[in-house]
>>> print(open('final_15.txt').read())   # compact mmCIF, C-alpha atoms
# COMPACT_ATOMS: atom_id res chain seq x y z
CA MET A 1 0.00 0.00 0.00
CA ASN A 2 1.61 3.23 -1.16
CA SER A 3 1.93 6.44 0.88
CA SER A 4 2.14 10.13 0.01
CA LYS A 5 5.63 10.28 1.53
CA PHE A 6 6.75 7.36 -0.61
CA SER A 7 5.18 8.87 -3.74
CA ALA A 8 6.89 12.18 -3.07
CA LEU A 9 10.23 10.38 -2.86
CA PHE A 10 10.04 8.35 -6.07
CA LYS A 11 7.56 10.48 -8.06
CA GLN A 12 6.61 7.52 -10.26
CA ASP A 13 4.45 4.46 -9.63
CA LYS A 14 6.17 1.11 -9.16
CA PRO A 15 9.77 2.37 -9.26
CA ILE A 16 12.69 0.12 -10.14
CA ILE A 17 15.60 0.63 -7.74
CA GLY A 18 18.81 -0.47 -9.45
CA MET A 19 21.71 -1.74 -7.36
CA VAL A 20 25.33 -0.66 -7.51
CA HIS A 21 27.37 -3.31 -5.73
CA VAL A 22 30.36 -1.24 -4.64
CA GLN A 23 33.73 -2.92 -5.11
CA ALA A 24 35.53 -4.29 -2.04
CA LEU A 25 36.56 -1.43 0.20
CA PRO A 26 40.00 -0.83 1.75
CA GLY A 27 40.63 -3.06 4.73
CA THR A 28 38.30 -5.84 3.52
CA PRO A 29 39.72 -9.19 2.36
CA LYS A 30 38.93 -8.80 -1.37
CA ASN A 31 40.04 -5.20 -1.75
CA LYS A 32 42.26 -4.53 -4.77
CA SER A 33 41.46 -0.92 -5.64
CA SER A 34 41.91 2.56 -4.23
CA VAL A 35 38.93 4.53 -2.97
CA ALA A 36 39.19 6.78 -6.04
CA GLU A 37 39.03 3.74 -8.35
CA ILE A 38 36.12 2.24 -6.42
CA ALA A 39 34.19 5.51 -6.60
CA ALA A 40 34.86 5.84 -10.33
CA GLN A 41 33.52 2.33 -10.95
CA ALA A 42 30.39 3.05 -8.92
CA VAL A 43 29.80 6.24 -10.91
CA LYS A 44 30.27 4.31 -14.16
CA GLU A 45 27.69 1.71 -13.14
CA ALA A 46 25.27 4.35 -11.85
CA LYS A 47 25.40 6.11 -15.22
CA VAL A 48 24.50 2.86 -16.99
CA LEU A 49 21.50 2.44 -14.70
CA CYS A 50 20.42 6.05 -15.26
CA THR A 51 20.69 5.68 -19.03
CA ALA A 52 18.48 2.59 -18.85
CA GLY A 53 15.78 4.58 -17.08
CA VAL A 54 15.68 3.22 -13.54
CA GLN A 55 13.77 5.39 -11.10
CA SER A 56 16.27 5.12 -8.24
CA ILE A 57 19.68 3.70 -7.35
CA MET A 58 20.92 2.03 -4.18
CA LEU A 59 24.54 1.47 -3.16
CA GLU A 60 25.69 -1.57 -1.22
CA ASN A 61 29.11 -2.80 -0.05
CA MET A 62 28.33 -6.34 -1.15
CA HIS A 63 31.91 -7.19 -2.15
CA ASP A 64 33.10 -6.70 1.44
CA VAL A 65 32.77 -10.41 2.29
CA PRO A 66 32.86 -11.78 4.92
CA TYR A 67 30.62 -9.17 6.50
CA LEU A 68 30.89 -7.76 9.99
CA ASN A 69 27.92 -7.92 12.34
CA ARG A 70 26.33 -4.48 12.79
CA VAL A 71 29.54 -2.46 13.29
CA VAL A 72 31.94 -1.42 10.52
CA GLY A 73 35.08 0.63 10.85
CA PRO A 74 35.70 4.28 9.97
CA GLU A 75 37.55 3.17 6.84
CA VAL A 76 34.31 1.68 5.46
CA ILE A 77 32.15 4.63 6.46
CA SER A 78 34.56 7.18 4.97
CA ALA A 79 34.99 5.21 1.74
CA MET A 80 31.25 4.73 1.30
CA THR A 81 30.74 8.46 1.92
CA ARG A 82 33.19 9.23 -0.90
CA VAL A 83 31.48 6.74 -3.22
CA ALA A 84 27.99 7.98 -2.37
CA SER A 85 28.97 11.62 -2.79
CA GLU A 86 30.46 11.00 -6.23
CA VAL A 87 27.39 9.08 -7.37
CA ARG A 88 25.21 11.86 -5.96
CA SER A 89 27.09 14.36 -8.13
CA VAL A 90 26.11 12.64 -11.41
CA THR A 91 22.39 12.01 -10.90
CA GLU A 92 19.32 13.65 -9.42
CA LEU A 93 17.56 10.30 -8.94
CA PRO A 94 16.59 9.25 -5.42
CA LEU A 95 19.60 7.44 -3.95
CA GLY A 96 19.79 4.93 -1.13
CA ILE A 97 22.39 2.89 0.67
CA GLN A 98 22.81 -0.33 2.60
CA ILE A 99 25.96 -1.16 4.57
CA LEU A 100 26.41 -4.83 5.33
CA ALA A 101 25.77 -6.46 7.54
CA GLY A 102 23.08 -4.54 9.34
CA ALA A 103 25.32 -1.50 9.87
CA ASN A 104 22.26 0.69 9.83
CA GLN A 105 23.60 3.63 11.82
CA ALA A 106 26.65 3.75 9.55
CA ALA A 107 24.36 3.74 6.49
CA LEU A 108 22.28 6.54 7.97
CA SER A 109 25.42 8.58 8.65
CA VAL A 110 26.61 8.18 5.06
CA ALA A 111 23.15 9.03 3.73
CA GLN A 112 23.07 12.21 5.77
CA ALA A 113 26.56 13.28 4.70
CA ALA A 114 26.09 12.48 1.00
CA GLU A 115 22.51 13.75 0.68
CA LEU A 116 20.91 10.37 -0.02
CA GLN A 117 17.21 9.82 0.47
CA PHE A 118 16.87 6.35 2.02
CA ILE A 119 18.59 3.41 3.62
CA ARG A 120 17.83 -0.30 3.67
CA ALA A 121 17.95 -1.61 7.23
CA GLU A 122 18.34 -5.23 8.24
CA GLY A 123 17.29 -6.50 11.66
CA PHE A 124 14.89 -3.65 12.41
CA VAL A 125 12.45 -5.75 14.44
CA PHE A 126 12.72 -9.22 16.02
CA GLY A 127 16.11 -10.79 16.65
CA HIS A 128 17.29 -13.49 14.27
CA LEU A 129 20.31 -15.60 13.43
CA ALA A 130 22.06 -14.46 10.26
CA ASP A 131 25.17 -15.93 8.67
CA GLU A 132 27.13 -13.15 10.41
CA GLY A 133 25.75 -14.21 13.81
CA PHE A 134 22.87 -13.11 16.00
CA PHE A 135 21.18 -9.82 15.13
CA GLN A 136 19.61 -7.86 17.95
CA SER A 137 16.74 -5.73 16.62
CA ASP A 138 17.74 -2.06 16.42
CA ALA A 139 14.64 0.02 15.66
CA GLY A 140 14.80 1.97 18.91
CA GLU A 141 18.46 2.88 18.64
CA LEU A 142 18.29 3.58 14.90
CA LEU A 143 15.36 5.98 15.00
CA ARG A 144 16.81 7.80 18.00
CA PHE A 145 20.05 8.15 16.07
CA ARG A 146 18.14 9.50 13.06
CA LYS A 147 16.51 12.06 15.35
CA GLN A 148 19.86 13.09 16.82
CA LEU A 149 21.27 13.60 13.33
CA GLY A 150 18.29 15.70 12.27
CA ALA A 151 17.85 13.20 9.46
CA GLU A 152 14.11 12.50 9.77
CA GLY A 153 13.78 13.15 6.03
CA ILE A 154 15.79 10.01 5.24
CA HIS A 155 13.47 7.04 4.71
CA ILE A 156 14.26 3.76 6.46
CA PHE A 157 13.03 0.74 4.51
CA THR A 158 13.25 -2.40 6.60
CA ASP A 159 13.68 -6.08 5.79
CA ILE A 160 11.30 -8.54 7.38
CA LYS A 161 12.35 -12.20 7.67
CA LYS A 162 15.55 -11.19 5.92
CA LYS A 163 17.45 -13.42 3.51
CA HIS A 164 20.53 -15.46 4.48
CA SER A 165 19.06 -15.97 7.94
CA SER A 166 17.35 -18.47 10.19
CA HIS A 167 14.07 -17.37 11.72
CA ALA A 168 13.48 -20.45 13.87
CA ILE A 169 13.45 -18.45 17.09
CA THR A 170 10.62 -16.32 15.71
CA SER A 171 8.79 -19.12 13.94
CA ASP A 172 5.71 -18.39 16.05
CA VAL A 173 5.68 -14.80 14.77
CA SER A 174 3.77 -14.58 11.50
CA LEU A 175 4.68 -12.40 8.55
CA GLU A 176 1.64 -10.29 9.35
CA ASP A 177 2.77 -9.79 12.94
CA THR A 178 6.26 -8.89 11.76
CA VAL A 179 4.84 -6.26 9.40
CA GLU A 180 2.68 -4.88 12.19
CA ALA A 181 5.68 -4.64 14.50
CA ALA A 182 7.80 -2.89 11.86
CA GLU A 183 5.07 -0.35 11.24
CA PHE A 184 4.45 0.14 14.96
CA PHE A 185 8.17 0.86 15.30
CA LEU A 186 7.85 3.50 12.53
CA SER A 187 9.34 1.75 9.50
CA ASP A 188 8.92 3.82 6.34
CA GLY A 189 8.36 0.69 4.24
CA VAL A 190 8.87 -3.06 4.46
CA ILE A 191 11.05 -5.21 2.22
CA ILE A 192 10.36 -8.87 1.49
CA THR A 193 12.90 -11.10 -0.24
CA GLY A 194 13.62 -14.63 -1.30
CA THR A 195 15.79 -16.79 0.93
CA HIS A 196 19.07 -15.82 -0.78
CA THR A 197 20.47 -13.12 -3.06
CA GLY A 198 18.85 -13.39 -6.49
CA ARG A 199 16.14 -15.79 -5.32
CA SER A 200 12.55 -14.93 -6.16
CA VAL A 201 10.17 -13.93 -3.41
CA ASP A 202 7.50 -16.44 -2.43
CA LEU A 203 4.36 -15.08 -4.11
CA LYS A 204 2.01 -16.30 -1.39
CA GLU A 205 4.16 -14.63 1.27
CA LEU A 206 4.33 -11.41 -0.75
CA LYS A 207 0.56 -11.30 -1.07
CA ARG A 208 0.18 -11.82 2.67
CA VAL A 209 2.61 -8.99 3.42
CA TYR A 210 0.92 -6.65 0.95
CA ALA A 211 -2.51 -7.37 2.37
CA ALA A 212 -1.30 -6.78 5.92
CA SER A 213 0.80 -3.68 5.30
CA ARG A 214 -0.32 -0.09 5.73
CA SER A 215 3.09 1.11 4.49
CA PRO A 216 4.85 0.65 1.14
CA VAL A 217 6.02 -2.86 0.26
CA LEU A 218 9.26 -3.37 -1.65
CA VAL A 219 10.41 -6.63 -3.25
CA GLY A 220 14.08 -7.00 -2.44
CA SER A 221 15.38 -9.92 -4.51
CA GLY A 222 14.83 -12.12 -7.53
CA VAL A 223 13.05 -9.61 -9.79
CA THR A 224 13.12 -10.57 -13.50
CA PRO A 225 11.23 -9.43 -16.62
CA GLU A 226 9.36 -12.72 -16.69
CA GLY A 227 8.50 -12.65 -13.01
CA LEU A 228 7.57 -8.98 -12.74
CA LYS A 229 3.99 -9.46 -13.91
CA GLY A 230 3.27 -11.99 -11.17
CA ILE A 231 4.40 -9.72 -8.35
CA TRP A 232 3.37 -6.40 -9.88
CA SER A 233 0.06 -5.95 -8.10
CA SER A 234 1.47 -6.90 -4.68
CA ALA A 235 4.36 -4.45 -4.37
CA ASP A 236 5.06 -0.73 -4.55
CA ALA A 237 8.71 -0.90 -5.65
CA PHE A 238 11.26 -3.41 -6.86
CA ILE A 239 14.95 -3.56 -5.89
CA VAL A 240 16.95 -5.17 -8.71
CA GLY A 241 20.57 -6.23 -8.46
CA SER A 242 21.58 -9.65 -9.77
CA TYR A 243 19.31 -9.67 -12.82
CA PHE A 244 20.79 -6.43 -14.16
CA LYS A 245 24.32 -7.85 -14.20
CA GLU A 246 26.08 -9.89 -16.91
CA ASN A 247 24.68 -13.44 -16.87
CA GLY A 248 22.66 -12.54 -13.77
CA ASP A 249 25.85 -12.61 -11.69
CA TRP A 250 25.86 -9.84 -9.05
CA THR A 251 29.68 -9.67 -9.11
CA LYS A 252 29.69 -8.51 -12.75
CA GLU A 253 28.97 -5.14 -14.36
CA PRO A 254 25.50 -4.03 -15.48
CA ASP A 255 24.31 -5.49 -18.77
CA PRO A 256 22.45 -2.86 -20.87
CA ARG A 257 20.43 -5.55 -22.65
CA ARG A 258 19.14 -7.00 -19.39
CA LEU A 259 18.33 -3.52 -18.16
CA GLU A 260 16.39 -2.83 -21.35
CA LEU A 261 14.35 -6.03 -20.99
CA LEU A 262 13.29 -5.39 -17.41
CA MET A 263 12.53 -1.72 -17.96
CA ALA A 264 10.43 -2.65 -21.00
CA SER A 265 8.52 -5.13 -18.86
CA ARG A 266 7.78 -2.39 -16.32
CA THR A 267 6.61 -0.03 -19.07
CA SER A 268 4.24 -2.63 -20.51
CA LEU A 269 2.70 -3.25 -17.10
CA LEU A 270 2.20 0.48 -16.50
CA ASP A 271 0.29 0.88 -19.78
>>> encode(input="final_15.txt", output="structure tokens")
Amino acid sequence: MNSSKFSALFKQDKPIIGMVHVQALPGTPKNKSSVAEIAAQAVKEAKVLCTAGVQSIMLENMHDVPYLNRVVGPEVISAMTRVASEVRSVTELPLGIQILAGANQAALSVAQAAELQFIRAEGFVFGHLADEGFFQSDAGELLRFRKQLGAEGIHIFTDIKKKHSSHAITSDVSLEDTVEAAEFFLSDGVIITGTHTGRSVDLKELKRVYAASRSPVLVGSGVTPEGLKGIWSSADAFIVGSYFKENGDWTKEPDPRRLELLMASRTSLLD
């Protein structure tokens, strides 16, 4: 269910949010490039997404494997601020950021410094066991931090039953109850995903979330041109990463042909 605040942010119905998977940052195991080189690559990929007609772009430090749990160092925050600022300088599209894993206060800090409009926050409500370890829910701390920064204008979109995680300890908490809790704790929109990166969302689960939600619903993984029609009526926005890359591999660069196919699918559904 859309909202006026959400509509004001994206300005178009059913926006496609294209991902820039930022190259491995200094200090992380796979790093091979300088911050200047990393920023230049992010700008290059962002320009490809803009040319293809996406409605928004989100940055993510996905190459920084293995991820830290909740807290990243100043070297990551400063590098992501440089990357985000340079991408901000080449587009007026709404921009967002996610810093893995669950480094939501760091993401909010970068968003504030680089004039981004939203963050994607993992572990907002209900603790769960992720592959990085146990995640304590952080809604209270995160929204207080946003208030302290004077950053209330930055949207916080929150994963529910997030991917790459076990939810056994909350197995008695339904999707509907999770959505209700996220909204009660002032989430600006809820994100539902498949079980892993690139995996399609369960359509039955998506429909349940959409029916229960009073806030915008974003699909956070597995979006394809063929699958878009099936999920179209049960979501307000679509975050696309893996599909847009060469051979559907998130580690590769954007593929203009794949971008064209998905954007054409969106256009046909809007008509």
>>> residues_around(input="final_15.txt", residues="A:Leu175", least_positions_apart="2", cutoff="8 Å", atoms="only C-alpha atoms", output="number ranges by chain")
A: 160-161, 173, 177-179, 205, 208-209
>>> residues_near_point(input="final_15.txt", point="(10.5, -17.3, -8.4)", cutoff="9 Å", atoms="all atoms listed in the file", output="list in words")
Gly194, Arg199, Ser200, Val201, Asp202, Leu203, Gly222, Val223, Thr224 and Gly227 of chain A
>>> closest_residue(input="final_15.txt", among="A:Leu218, A:Ala101, A:Ala84, A:Val240", to="A:Asn69", atoms="only C-alpha atoms")
A:Ala101
>>> atom_distance(input="final_15.txt", atom1="atom CA of A:Ser187", atom2="atom CA of A:Gly133")
23.3 Å
>>> residues_around(input="final_15.txt", residues="A:Leu93", least_positions_apart="5", cutoff="8 Å", atoms="only C-alpha atoms", output="count of residues only")
3
>>> closest_residue(input="final_15.txt", among="A:Thr158, A:Ala36, A:Ser171, A:Glu176", to="A:Arg82", atoms="only C-alpha atoms")
A:Ala36
